[in-house]
$ cat coords_15.txt   # compact mmCIF, N, CA and C atoms and all ligand atoms
# COMPACT_ATOMS: atom_id res chain seq x y z
N MET A 1 80.29 -12.58 -132.45
CA MET A 1 81.11 -12.47 -131.25
C MET A 1 80.23 -12.46 -130.00
N LEU A 2 79.04 -11.83 -130.10
CA LEU A 2 78.13 -11.84 -128.94
C LEU A 2 77.64 -13.26 -128.69
N ARG A 3 77.40 -14.00 -129.74
CA ARG A 3 76.97 -15.39 -129.57
C ARG A 3 78.07 -16.20 -128.89
N MET A 4 79.30 -15.97 -129.30
CA MET A 4 80.42 -16.65 -128.65
C MET A 4 80.48 -16.27 -127.17
N ALA A 5 80.32 -14.98 -126.88
CA ALA A 5 80.36 -14.52 -125.49
C ALA A 5 79.26 -15.20 -124.68
N ALA A 6 78.07 -15.32 -125.27
CA ALA A 6 76.96 -15.99 -124.57
C ALA A 6 77.33 -17.44 -124.28
N CYS A 7 77.80 -18.12 -125.29
CA CYS A 7 78.05 -19.57 -125.14
C CYS A 7 79.21 -19.86 -124.21
N LEU A 8 80.20 -18.97 -124.15
CA LEU A 8 81.38 -19.24 -123.33
C LEU A 8 81.34 -18.52 -121.98
N GLY A 9 80.26 -17.78 -121.73
CA GLY A 9 80.12 -17.13 -120.43
C GLY A 9 81.02 -15.92 -120.26
N LEU A 10 81.21 -15.15 -121.35
CA LEU A 10 82.05 -13.96 -121.29
C LEU A 10 81.19 -12.70 -121.34
N ALA A 11 81.62 -11.66 -120.65
CA ALA A 11 80.96 -10.36 -120.78
C ALA A 11 81.47 -9.68 -122.06
N ALA A 12 80.67 -8.78 -122.61
CA ALA A 12 81.09 -8.05 -123.81
C ALA A 12 80.94 -6.55 -123.56
N ASP A 13 81.98 -5.82 -123.90
CA ASP A 13 81.94 -4.35 -123.84
C ASP A 13 81.78 -3.84 -125.26
N ILE A 14 80.86 -2.89 -125.45
CA ILE A 14 80.73 -2.24 -126.76
C ILE A 14 81.06 -0.77 -126.55
N ILE A 15 82.06 -0.29 -127.29
CA ILE A 15 82.50 1.10 -127.15
C ILE A 15 81.95 1.89 -128.34
N GLU A 16 81.20 2.92 -128.05
CA GLU A 16 80.61 3.73 -129.13
C GLU A 16 81.51 4.92 -129.45
N PRO A 17 81.47 5.45 -130.67
CA PRO A 17 80.61 5.00 -131.76
C PRO A 17 81.09 3.67 -132.34
N ALA A 18 80.17 2.71 -132.45
CA ALA A 18 80.52 1.41 -133.02
C ALA A 18 80.25 1.44 -134.52
N GLY A 19 80.78 0.46 -135.21
CA GLY A 19 80.58 0.42 -136.66
C GLY A 19 79.28 -0.26 -137.04
N PHE A 20 78.38 -0.46 -136.06
CA PHE A 20 77.12 -1.15 -136.31
C PHE A 20 76.12 -0.68 -135.24
N PRO A 21 74.81 -0.83 -135.49
CA PRO A 21 73.81 -0.43 -134.48
C PRO A 21 73.94 -1.32 -133.25
N VAL A 22 73.86 -0.72 -132.06
CA VAL A 22 74.22 -1.48 -130.86
C VAL A 22 73.06 -1.71 -129.88
N SER A 23 71.85 -1.30 -130.25
CA SER A 23 70.75 -1.48 -129.30
C SER A 23 70.29 -2.94 -129.30
N ASP A 24 69.72 -3.37 -128.17
CA ASP A 24 69.16 -4.73 -128.09
C ASP A 24 68.12 -4.93 -129.19
N ARG A 25 67.35 -3.85 -129.45
CA ARG A 25 66.31 -3.95 -130.49
C ARG A 25 66.91 -4.31 -131.85
N HIS A 26 68.04 -3.65 -132.18
CA HIS A 26 68.69 -3.96 -133.46
C HIS A 26 69.24 -5.39 -133.46
N PHE A 27 69.82 -5.78 -132.34
CA PHE A 27 70.37 -7.15 -132.28
C PHE A 27 69.26 -8.17 -132.47
N ARG A 28 68.11 -7.92 -131.81
CA ARG A 28 66.99 -8.87 -131.94
C ARG A 28 66.47 -8.89 -133.37
N ARG A 29 66.39 -7.67 -133.97
CA ARG A 29 65.88 -7.60 -135.34
C ARG A 29 66.82 -8.36 -136.28
N ALA A 30 68.09 -8.40 -135.95
CA ALA A 30 69.06 -9.12 -136.80
C ALA A 30 69.07 -10.62 -136.48
N GLY A 31 68.12 -11.04 -135.66
CA GLY A 31 68.02 -12.47 -135.36
C GLY A 31 68.96 -12.92 -134.28
N MET A 32 69.53 -11.97 -133.51
CA MET A 32 70.51 -12.32 -132.48
C MET A 32 69.78 -12.68 -131.19
N ASP A 33 69.21 -13.89 -131.17
CA ASP A 33 68.40 -14.26 -130.01
C ASP A 33 69.24 -14.62 -128.79
N TYR A 34 70.56 -14.63 -128.96
CA TYR A 34 71.44 -14.91 -127.82
C TYR A 34 71.69 -13.67 -126.96
N VAL A 35 71.16 -12.53 -127.39
CA VAL A 35 71.48 -11.27 -126.73
C VAL A 35 71.06 -11.27 -125.25
N ASP A 36 70.02 -12.02 -124.92
CA ASP A 36 69.58 -12.08 -123.52
C ASP A 36 70.53 -12.89 -122.64
N HIS A 37 71.47 -13.57 -123.25
CA HIS A 37 72.38 -14.43 -122.48
C HIS A 37 73.78 -13.85 -122.32
N VAL A 38 73.96 -12.61 -122.78
CA VAL A 38 75.27 -11.96 -122.67
C VAL A 38 75.16 -10.74 -121.77
N ALA A 39 76.13 -10.59 -120.87
CA ALA A 39 76.21 -9.36 -120.08
C ALA A 39 76.91 -8.32 -120.96
N ILE A 40 76.12 -7.43 -121.57
CA ILE A 40 76.69 -6.42 -122.47
C ILE A 40 76.82 -5.11 -121.70
N ARG A 41 78.01 -4.55 -121.74
CA ARG A 41 78.22 -3.22 -121.14
C ARG A 41 78.49 -2.26 -122.29
N ARG A 42 77.65 -1.25 -122.38
CA ARG A 42 77.82 -0.26 -123.46
C ARG A 42 78.49 0.97 -122.88
N HIS A 43 79.45 1.51 -123.62
CA HIS A 43 80.18 2.71 -123.18
C HIS A 43 79.95 3.78 -124.24
N VAL A 44 79.55 4.98 -123.80
CA VAL A 44 79.19 6.02 -124.78
C VAL A 44 80.41 6.57 -125.51
N SER A 45 81.59 6.33 -124.98
CA SER A 45 82.79 6.86 -125.63
C SER A 45 84.00 6.04 -125.17
N TRP A 46 85.12 6.26 -125.84
CA TRP A 46 86.38 5.63 -125.45
C TRP A 46 86.75 6.08 -124.03
N ALA A 47 86.54 7.37 -123.73
CA ALA A 47 86.90 7.89 -122.40
C ALA A 47 86.05 7.20 -121.31
N ALA A 48 84.78 6.98 -121.60
CA ALA A 48 83.91 6.32 -120.62
C ALA A 48 84.35 4.87 -120.40
N PHE A 49 84.72 4.21 -121.47
CA PHE A 49 85.21 2.84 -121.34
C PHE A 49 86.48 2.80 -120.50
N GLU A 50 87.41 3.70 -120.79
CA GLU A 50 88.67 3.72 -120.05
C GLU A 50 88.46 4.00 -118.56
N ALA A 51 87.53 4.90 -118.26
CA ALA A 51 87.24 5.21 -116.85
C ALA A 51 86.72 3.96 -116.15
N ALA A 52 85.80 3.23 -116.78
CA ALA A 52 85.23 2.02 -116.18
C ALA A 52 86.31 0.94 -116.03
N ARG A 53 87.12 0.80 -117.03
CA ARG A 53 88.17 -0.23 -117.01
C ARG A 53 89.18 0.05 -115.90
N LYS A 54 89.56 1.31 -115.75
CA LYS A 54 90.57 1.64 -114.74
C LYS A 54 90.01 1.43 -113.33
N LEU A 55 88.73 1.70 -113.16
CA LEU A 55 88.10 1.43 -111.86
C LEU A 55 88.20 -0.06 -111.51
N GLU A 56 88.02 -0.89 -112.51
CA GLU A 56 88.08 -2.35 -112.32
C GLU A 56 89.51 -2.85 -112.19
N GLY A 57 90.45 -2.09 -112.71
CA GLY A 57 91.84 -2.53 -112.73
C GLY A 57 92.10 -3.62 -113.76
N ALA A 58 91.28 -3.65 -114.82
CA ALA A 58 91.46 -4.68 -115.85
C ALA A 58 92.54 -4.26 -116.85
N ARG A 59 93.32 -5.23 -117.30
CA ARG A 59 94.31 -4.94 -118.35
C ARG A 59 93.61 -4.90 -119.70
N LEU A 60 94.12 -4.02 -120.57
CA LEU A 60 93.59 -3.93 -121.93
C LEU A 60 94.57 -4.62 -122.88
N VAL A 61 94.08 -5.66 -123.53
CA VAL A 61 94.92 -6.44 -124.44
C VAL A 61 94.38 -6.23 -125.86
N LEU A 62 95.13 -5.50 -126.66
CA LEU A 62 94.67 -5.16 -128.01
C LEU A 62 95.06 -6.25 -129.01
N ALA A 63 94.08 -6.73 -129.73
CA ALA A 63 94.32 -7.66 -130.84
C ALA A 63 94.53 -6.83 -132.10
N THR A 64 95.70 -6.97 -132.69
CA THR A 64 96.02 -6.13 -133.85
C THR A 64 97.00 -6.84 -134.78
N THR A 65 96.87 -6.53 -136.06
CA THR A 65 97.85 -7.05 -137.01
C THR A 65 99.18 -6.29 -136.87
N GLY A 66 99.15 -5.18 -136.14
CA GLY A 66 100.35 -4.35 -135.99
C GLY A 66 101.17 -4.68 -134.76
N ALA A 67 101.13 -5.91 -134.28
CA ALA A 67 101.92 -6.30 -133.11
C ALA A 67 102.92 -7.38 -133.50
N GLU A 68 103.95 -7.52 -132.69
CA GLU A 68 104.96 -8.56 -132.91
C GLU A 68 104.64 -9.81 -132.09
N LEU A 69 104.01 -9.60 -130.94
CA LEU A 69 103.83 -10.69 -129.97
C LEU A 69 102.67 -11.61 -130.36
N ALA A 70 103.00 -12.89 -130.58
CA ALA A 70 101.95 -13.87 -130.93
C ALA A 70 101.04 -14.10 -129.73
N TYR A 71 99.75 -14.24 -130.00
CA TYR A 71 98.79 -14.40 -128.89
C TYR A 71 99.09 -15.63 -128.04
N THR A 72 99.71 -16.62 -128.64
CA THR A 72 100.04 -17.85 -127.89
C THR A 72 101.24 -17.64 -126.96
N ASP A 73 101.99 -16.56 -127.16
CA ASP A 73 103.15 -16.26 -126.30
C ASP A 73 102.80 -15.25 -125.21
N PHE A 74 101.57 -14.81 -125.15
CA PHE A 74 101.14 -13.84 -124.16
C PHE A 74 100.54 -14.56 -122.96
N ALA A 75 100.86 -14.10 -121.75
CA ALA A 75 100.31 -14.70 -120.53
C ALA A 75 99.03 -13.96 -120.13
N PHE A 76 97.90 -14.57 -120.42
CA PHE A 76 96.60 -13.96 -120.09
C PHE A 76 96.32 -14.14 -118.60
N ALA A 77 95.53 -13.20 -118.06
CA ALA A 77 95.12 -13.29 -116.65
C ALA A 77 93.60 -13.12 -116.61
N PRO A 78 92.96 -13.73 -115.60
CA PRO A 78 91.51 -13.53 -115.46
C PRO A 78 91.22 -12.03 -115.36
N GLY A 79 90.17 -11.57 -116.00
CA GLY A 79 89.82 -10.15 -115.94
C GLY A 79 90.37 -9.34 -117.10
N ASP A 80 91.32 -9.90 -117.86
CA ASP A 80 91.82 -9.18 -119.03
C ASP A 80 90.67 -8.84 -119.98
N ILE A 81 90.75 -7.67 -120.59
CA ILE A 81 89.79 -7.31 -121.64
C ILE A 81 90.52 -7.36 -122.97
N VAL A 82 90.02 -8.19 -123.87
CA VAL A 82 90.60 -8.28 -125.22
C VAL A 82 89.83 -7.31 -126.11
N LEU A 83 90.55 -6.36 -126.67
CA LEU A 83 89.91 -5.34 -127.50
C LEU A 83 90.15 -5.65 -128.97
N LEU A 84 89.05 -5.65 -129.73
CA LEU A 84 89.14 -5.88 -131.18
C LEU A 84 88.68 -4.63 -131.90
N GLY A 85 89.28 -4.36 -133.04
CA GLY A 85 88.97 -3.14 -133.78
C GLY A 85 87.83 -3.33 -134.75
N ARG A 86 87.48 -2.22 -135.38
CA ARG A 86 86.42 -2.26 -136.39
C ARG A 86 86.85 -3.13 -137.56
N GLU A 87 85.85 -3.78 -138.13
CA GLU A 87 86.10 -4.61 -139.32
C GLU A 87 86.70 -3.74 -140.44
N SER A 88 86.26 -2.48 -140.53
CA SER A 88 86.69 -1.62 -141.63
C SER A 88 88.04 -0.96 -141.38
N ALA A 89 88.31 -0.58 -140.12
CA ALA A 89 89.45 0.32 -139.91
C ALA A 89 90.33 -0.03 -138.71
N GLY A 90 90.09 -1.11 -138.02
CA GLY A 90 90.91 -1.40 -136.85
C GLY A 90 90.65 -0.39 -135.74
N VAL A 91 91.71 -0.01 -135.01
CA VAL A 91 91.54 0.99 -133.93
C VAL A 91 92.40 2.21 -134.21
N PRO A 92 92.01 3.39 -133.68
CA PRO A 92 92.84 4.59 -133.87
C PRO A 92 94.13 4.51 -133.05
N ALA A 93 95.09 5.37 -133.38
CA ALA A 93 96.40 5.35 -132.73
C ALA A 93 96.29 5.55 -131.23
N GLU A 94 95.36 6.39 -130.79
CA GLU A 94 95.17 6.67 -129.36
C GLU A 94 94.84 5.38 -128.60
N VAL A 95 94.03 4.56 -129.20
CA VAL A 95 93.62 3.30 -128.57
C VAL A 95 94.79 2.32 -128.58
N HIS A 96 95.51 2.29 -129.66
CA HIS A 96 96.70 1.44 -129.77
C HIS A 96 97.67 1.78 -128.64
N ALA A 97 97.86 3.09 -128.42
CA ALA A 97 98.83 3.54 -127.42
C ALA A 97 98.36 3.23 -126.00
N ALA A 98 97.05 3.19 -125.77
CA ALA A 98 96.53 3.00 -124.42
C ALA A 98 96.57 1.55 -123.96
N ALA A 99 96.76 0.62 -124.87
CA ALA A 99 96.71 -0.80 -124.52
C ALA A 99 97.88 -1.19 -123.62
N ASP A 100 97.61 -2.09 -122.67
CA ASP A 100 98.68 -2.62 -121.81
C ASP A 100 99.52 -3.64 -122.56
N ALA A 101 98.92 -4.29 -123.54
CA ALA A 101 99.65 -5.27 -124.36
C ALA A 101 99.01 -5.30 -125.74
N ARG A 102 99.82 -5.66 -126.73
CA ARG A 102 99.34 -5.77 -128.11
C ARG A 102 99.75 -7.15 -128.61
N ILE A 103 98.77 -7.89 -129.10
CA ILE A 103 99.06 -9.25 -129.52
C ILE A 103 98.52 -9.47 -130.93
N THR A 104 99.07 -10.48 -131.59
CA THR A 104 98.66 -10.74 -132.96
C THR A 104 98.46 -12.23 -133.20
N VAL A 105 97.62 -12.55 -134.16
CA VAL A 105 97.54 -13.92 -134.67
C VAL A 105 98.42 -13.92 -135.91
N PRO A 106 99.58 -14.58 -135.83
CA PRO A 106 100.51 -14.53 -136.97
C PRO A 106 99.84 -15.05 -138.25
N MET A 107 100.12 -14.33 -139.34
CA MET A 107 99.50 -14.69 -140.63
C MET A 107 100.59 -14.82 -141.69
N ARG A 108 100.22 -15.41 -142.80
CA ARG A 108 101.14 -15.45 -143.94
C ARG A 108 101.39 -14.03 -144.43
N PRO A 109 102.60 -13.76 -144.93
CA PRO A 109 102.89 -12.41 -145.42
C PRO A 109 102.01 -12.02 -146.61
N GLY A 110 101.75 -10.74 -146.73
CA GLY A 110 101.06 -10.22 -147.91
C GLY A 110 99.55 -10.22 -147.79
N LEU A 111 99.01 -10.77 -146.70
CA LEU A 111 97.56 -10.78 -146.52
C LEU A 111 97.19 -9.79 -145.42
N ARG A 112 96.04 -9.13 -145.55
CA ARG A 112 95.72 -7.99 -144.67
C ARG A 112 95.38 -8.39 -143.25
N SER A 113 94.33 -9.18 -143.08
CA SER A 113 93.86 -9.47 -141.72
C SER A 113 92.85 -10.60 -141.76
N LEU A 114 92.63 -11.16 -140.56
CA LEU A 114 91.54 -12.12 -140.39
C LEU A 114 90.24 -11.36 -140.25
N ASN A 115 89.16 -12.06 -140.41
CA ASN A 115 87.85 -11.54 -140.03
C ASN A 115 87.87 -11.32 -138.52
N VAL A 116 87.24 -10.24 -138.06
CA VAL A 116 87.33 -9.87 -136.64
C VAL A 116 86.81 -10.98 -135.71
N ALA A 117 85.74 -11.65 -136.12
CA ALA A 117 85.18 -12.69 -135.24
C ALA A 117 86.08 -13.92 -135.18
N VAL A 118 86.78 -14.19 -136.26
CA VAL A 118 87.71 -15.32 -136.27
C VAL A 118 88.90 -15.01 -135.36
N ALA A 119 89.43 -13.80 -135.47
CA ALA A 119 90.54 -13.39 -134.60
C ALA A 119 90.09 -13.46 -133.13
N ALA A 120 88.89 -12.98 -132.86
CA ALA A 120 88.37 -12.99 -131.49
C ALA A 120 88.29 -14.42 -130.96
N ALA A 121 87.77 -15.33 -131.76
CA ALA A 121 87.59 -16.71 -131.30
C ALA A 121 88.94 -17.37 -131.01
N MET A 122 89.92 -17.14 -131.86
CA MET A 122 91.24 -17.76 -131.63
C MET A 122 91.86 -17.24 -130.33
N ILE A 123 91.77 -15.93 -130.14
CA ILE A 123 92.42 -15.31 -128.97
C ILE A 123 91.66 -15.66 -127.69
N VAL A 124 90.37 -15.60 -127.72
CA VAL A 124 89.57 -15.94 -126.53
C VAL A 124 89.77 -17.41 -126.18
N GLY A 125 89.85 -18.26 -127.19
CA GLY A 125 90.09 -19.68 -126.92
C GLY A 125 91.40 -19.89 -126.18
N GLU A 126 92.44 -19.21 -126.61
CA GLU A 126 93.75 -19.33 -125.95
C GLU A 126 93.69 -18.74 -124.54
N ALA A 127 93.01 -17.60 -124.39
CA ALA A 127 92.92 -16.96 -123.06
C ALA A 127 92.19 -17.88 -122.08
N LEU A 128 91.11 -18.49 -122.53
CA LEU A 128 90.36 -19.39 -121.64
C LEU A 128 91.17 -20.66 -121.34
N ARG A 129 91.88 -21.14 -122.32
CA ARG A 129 92.73 -22.33 -122.08
C ARG A 129 93.75 -22.03 -120.99
N GLN A 130 94.40 -20.86 -121.11
CA GLN A 130 95.45 -20.51 -120.14
C GLN A 130 94.89 -20.24 -118.74
N THR A 131 93.73 -19.61 -118.67
CA THR A 131 93.21 -19.17 -117.36
C THR A 131 92.27 -20.20 -116.74
N GLY A 132 92.02 -21.30 -117.45
CA GLY A 132 91.13 -22.32 -116.92
C GLY A 132 89.68 -21.88 -116.93
N GLY A 133 89.35 -20.92 -117.79
CA GLY A 133 88.01 -20.36 -117.78
C GLY A 133 86.95 -21.15 -118.52
N PHE A 134 87.35 -22.17 -119.29
CA PHE A 134 86.36 -22.92 -120.07
C PHE A 134 85.37 -23.61 -119.15
N GLY A 135 84.10 -23.32 -119.36
CA GLY A 135 83.06 -24.04 -118.64
C GLY A 135 82.87 -23.62 -117.20
N LEU A 136 83.57 -22.56 -116.76
CA LEU A 136 83.46 -22.20 -115.35
C LEU A 136 82.37 -21.18 -115.07
N SER A 137 81.95 -20.44 -116.09
CA SER A 137 80.97 -19.38 -115.86
C SER A 137 79.56 -19.91 -115.96
N ALA A 138 78.66 -19.33 -115.18
CA ALA A 138 77.25 -19.78 -115.23
C ALA A 138 76.57 -19.22 -116.46
C1 LIG B 201 89.26 -6.89 -140.26
S1 LIG B 201 90.35 -6.37 -139.00
C2 LIG B 201 90.65 -4.66 -139.35
C3 LIG B 201 91.36 -4.42 -140.60
C4 LIG B 201 91.71 -2.97 -140.77
N1 LIG B 201 91.72 -2.69 -142.18
C5 LIG B 201 93.05 -2.62 -140.16
O1 LIG B 201 93.90 -2.17 -140.92
O2 LIG B 201 93.25 -2.74 -138.97
C6 LIG B 201 89.31 -6.14 -137.60
C7 LIG B 201 89.94 -6.46 -136.31
O3 LIG B 201 90.19 -7.87 -136.25
C8 LIG B 201 91.31 -8.12 -135.42
N2 LIG B 201 92.29 -8.88 -136.22
C9 LIG B 201 92.18 -9.25 -137.51
N3 LIG B 201 93.25 -9.98 -137.88
C10 LIG B 201 94.05 -10.08 -136.79
C11 LIG B 201 95.29 -10.72 -136.53
N4 LIG B 201 95.94 -11.41 -137.47
N5 LIG B 201 95.81 -10.61 -135.29
C12 LIG B 201 95.17 -9.92 -134.32
N6 LIG B 201 93.98 -9.30 -134.51
C13 LIG B 201 93.43 -9.38 -135.73
C14 LIG B 201 91.85 -6.76 -134.98
O4 LIG B 201 91.34 -6.45 -133.70
C15 LIG B 201 91.29 -5.82 -136.03
O5 LIG B 201 91.17 -4.51 -135.56

$ encode --input "coords_15.txt" --output "structure tokens" --more "lines below"
Ligand SMILES: C[S@@+](CC[C@H](N)C(=O)[O-])C[C@H]1O[C@@H](n2cnc3c(N)ncnc32)[C@H](O)[C@@H]1O
Amino acid sequence: MLRMAACLGLAADIIEPAGFPVSDRHFRRAGMDYVDHVAIRRHVSWAAFEAARKLEGARLVLATTGAELAYTDFAFAPGDIVLLGRESAGVPAEVHAAADARITVPMRPGLRSLNVAVAAAMIVGEALRQTGGFGLSA
């Protein structure tokens, strides 16, 4: 997802505790050489992230299998933050409740979820298509 953010000119927020090590050193050790090309904002907690987001006035758009609204039917706006949950557990109820919108990538019945990076790519692609953001960022 960080590689996608680098290539498409998107900023990435990481909210701790994350389900993976989040230091630049760990990313580099994992061969993530794109890390220097992404504006990564790290937040020490959910509360810290929410405080920063509210200062910016950005909408929080939660990607979840627990929503009715298809991502293609949602009207994205520049500045929206798309929040994705942990690969293992999704997001807690508190985070679900705090979102301004909840969207889903419709799936066949009986299957659990997409891989988080696949869901992110589909949703970000649609958001950029709608907002004209493809290729506009330096
Ligand atoms: C592997 S899923 C999490 C699965 C977890 N067991 C759960 O019950 O939420 C990781 C993240 O990918 C995103 N995701 C996966 N499939 C999705 C879908 N069909 N629609 C929207 N988001 C999805 C969500 O943000 C989810 O929190």

$ atom_distance --input "coords_15.txt" --atom1 "atom C of Arg3 (chain A)" --atom2 "CA of Arg29 (chain A)"
16.3 Å

$ residues_near_ligand --input "coords_15.txt" --ligand "ligand LIG 201 (chain B)" --cutoff "5 Å" --atoms "all atoms listed in the file" --output "NGL selection string"
:A and (63-65 or 83-91 or 103-105 or 113-116)

$ atom_distance --input "coords_15.txt" --atom1 "atom C of Ala6 (chain A)" --atom2 "atom N of His37 (chain A)"
7.1 Å

$ residues_around --input "coords_15.txt" --residues "Trp46 (chain A)" --least-positions-apart "4" --cutoff "8 Å" --atoms "all atoms listed in the file" --output "PyMOL selection string"
chain A and resi 15-17+50-52

$ closest_residue --input "coords_15.txt" --among "A:Ala47, A:Ala127, A:Val38, A:Ala30" --to "Cys7 (chain A)" --atoms "all atoms listed in the file"
A:Val38

$ residues_around --input "coords_15.txt" --residues "Arg53 (chain A)" --least-positions-apart "3" --cutoff "12 Å" --atoms "only C-alpha atoms" --output "list in words"
Asp13, Ile15, Arg41, His43, Trp46, Ala47, Ala48, Phe49, Glu50, Glu56, Gly57, Ala58, Arg59, Leu60, Val61, Gly79, Asp80, Ile81, Val82, Leu83, Ala98, Ala99 and Asp100 of chain A

$ residues_around --input "coords_15.txt" --residues "Asp24 (chain A)" --least-positions-apart "4" --cutoff "9 Å" --atoms "only C-alpha atoms" --output "PyMOL selection string"
chain A and resi 28-29+32+35-36

$ atom_distance --input "coords_15.txt" --atom1 "atom C of Ala39 (chain A)" --atom2 "atom N of Gly125 (chain A)"
17.5 Å

$ select_by_dssp --input "coords_15.txt" --residues "chain A" --states "helix (DSSP H, G or I)" --output "PyMOL selection string"
chain A and resi 2-8+24-29+33-37+46-56+71-73+93-98+116-131

$ select_by_dssp --input "coords_15.txt" --residues "region 40-113 of chain A" --states "strand (DSSP E or B)" --output "PyMOL selection string"
chain A and resi 40-43+60-63+70+81-83+86+90+101-104

$ closest_residue --input "coords_15.txt" --among "A:Phe27, A:Tyr71, A:Tyr34, A:Phe20" --to "Ala119 (chain A)" --atoms "only C-alpha atoms"
A:Tyr71

$ residues_near_point --input "coords_15.txt" --point "(79.9, -11.4, -118.3)" --cutoff "6.5 Å" --atoms "only N, CA and C atoms" --output "PyMOL selection string"
chain A and resi 9-12+38-40

$ write_last_selection --input "coords_15.txt" --atoms "N, CA and C atoms" --output "CSV table (one decimal), in the coordinates of the input"
chain,number,residue,atom,x,y,z
A,9,GLY,N,80.3,-17.8,-121.7
A,9,GLY,CA,80.1,-17.1,-120.4
A,9,GLY,C,81.0,-15.9,-120.3
A,10,LEU,N,81.2,-15.2,-121.4
A,10,LEU,CA,82.0,-14.0,-121.3
A,10,LEU,C,81.2,-12.7,-121.3
A,11,ALA,N,81.6,-11.7,-120.6
A,11,ALA,CA,81.0,-10.4,-120.8
A,11,ALA,C,81.5,-9.7,-122.1
A,12,ALA,N,80.7,-8.8,-122.6
A,12,ALA,CA,81.1,-8.0,-123.8
A,12,ALA,C,80.9,-6.6,-123.6
A,38,VAL,N,74.0,-12.6,-122.8
A,38,VAL,CA,75.3,-12.0,-122.7
A,38,VAL,C,75.2,-10.7,-121.8
A,39,ALA,N,76.1,-10.6,-120.9
A,39,ALA,CA,76.2,-9.4,-120.1
A,39,ALA,C,76.9,-8.3,-121.0
A,40,ILE,N,76.1,-7.4,-121.6
A,40,ILE,CA,76.7,-6.4,-122.5
A,40,ILE,C,76.8,-5.1,-121.7

$ closest_residue --input "coords_15.txt" --among "A:Ile14, A:Leu2, A:Leu128, A:Ala67" --to "Arg102 (chain A)" --atoms "all atoms listed in the file"
A:Ala67

$ decode --input "coords_15.txt" --residues "region 15-49 of chain A" --atoms "C-alpha atoms" --output "PDB file, in the first residue's frame"
ATOM      1  CA  ILE A  15      -2.214   4.721  13.256  1.00  0.00           C
ATOM      2  CA  GLU A  16      -0.484   2.887  16.079  1.00  0.00           C
ATOM      3  CA  PRO A  17      -0.544   0.318  17.477  1.00  0.00           C
ATOM      4  CA  ALA A  18      -0.235  -1.109  13.961  1.00  0.00           C
ATOM      5  CA  GLY A  19      -0.230  -4.793  13.140  1.00  0.00           C
ATOM      6  CA  PHE A  20       3.325  -4.498  11.763  1.00  0.00           C
ATOM      7  CA  PRO A  21       6.573  -2.613  12.599  1.00  0.00           C
ATOM      8  CA  VAL A  22       6.212   0.950  11.352  1.00  0.00           C
ATOM      9  CA  SER A  23       9.678   2.534  11.480  1.00  0.00           C
ATOM     10  CA  ASP A  24      11.449   3.601   8.282  1.00  0.00           C
ATOM     11  CA  ARG A  25      14.262   1.257   9.349  1.00  0.00           C
ATOM     12  CA  HIS A  26      11.891  -1.729   9.333  1.00  0.00           C
ATOM     13  CA  PHE A  27      10.399  -0.707   5.999  1.00  0.00           C
ATOM     14  CA  ARG A  28      13.880  -0.430   4.466  1.00  0.00           C
ATOM     15  CA  ARG A  29      14.921  -3.755   5.958  1.00  0.00           C
ATOM     16  CA  ALA A  30      11.849  -5.313   4.324  1.00  0.00           C
ATOM     17  CA  GLY A  31      13.084  -4.025   0.982  1.00  0.00           C
ATOM     18  CA  MET A  32      10.572  -1.159   0.846  1.00  0.00           C
ATOM     19  CA  ASP A  33      12.793   1.233  -1.080  1.00  0.00           C
ATOM     20  CA  TYR A  34       9.784   3.372  -2.021  1.00  0.00           C
ATOM     21  CA  VAL A  35       9.524   4.634   1.562  1.00  0.00           C
ATOM     22  CA  ASP A  36      11.456   7.811   0.715  1.00  0.00           C
ATOM     23  CA  HIS A  37       8.801   8.719  -1.852  1.00  0.00           C
ATOM     24  CA  VAL A  38       5.765   8.628   0.453  1.00  0.00           C
ATOM     25  CA  ALA A  39       4.657  11.331   2.867  1.00  0.00           C
ATOM     26  CA  ILE A  40       4.013   9.082   5.883  1.00  0.00           C
ATOM     27  CA  ARG A  41       2.292  10.547   8.912  1.00  0.00           C
ATOM     28  CA  ARG A  42       2.518   8.378  11.999  1.00  0.00           C
ATOM     29  CA  HIS A  43      -0.011   8.779  14.805  1.00  0.00           C
ATOM     30  CA  VAL A  44       0.781   7.348  18.245  1.00  0.00           C
ATOM     31  CA  SER A  45      -2.863   6.512  18.907  1.00  0.00           C
ATOM     32  CA  TRP A  46      -6.365   6.615  17.463  1.00  0.00           C
ATOM     33  CA  ALA A  47      -7.030   9.760  19.535  1.00  0.00           C
ATOM     34  CA  ALA A  48      -3.960  11.487  18.061  1.00  0.00           C
ATOM     35  CA  PHE A  49      -5.052  10.588  14.547  1.00  0.00           C
TER      36      PHE A  49
END
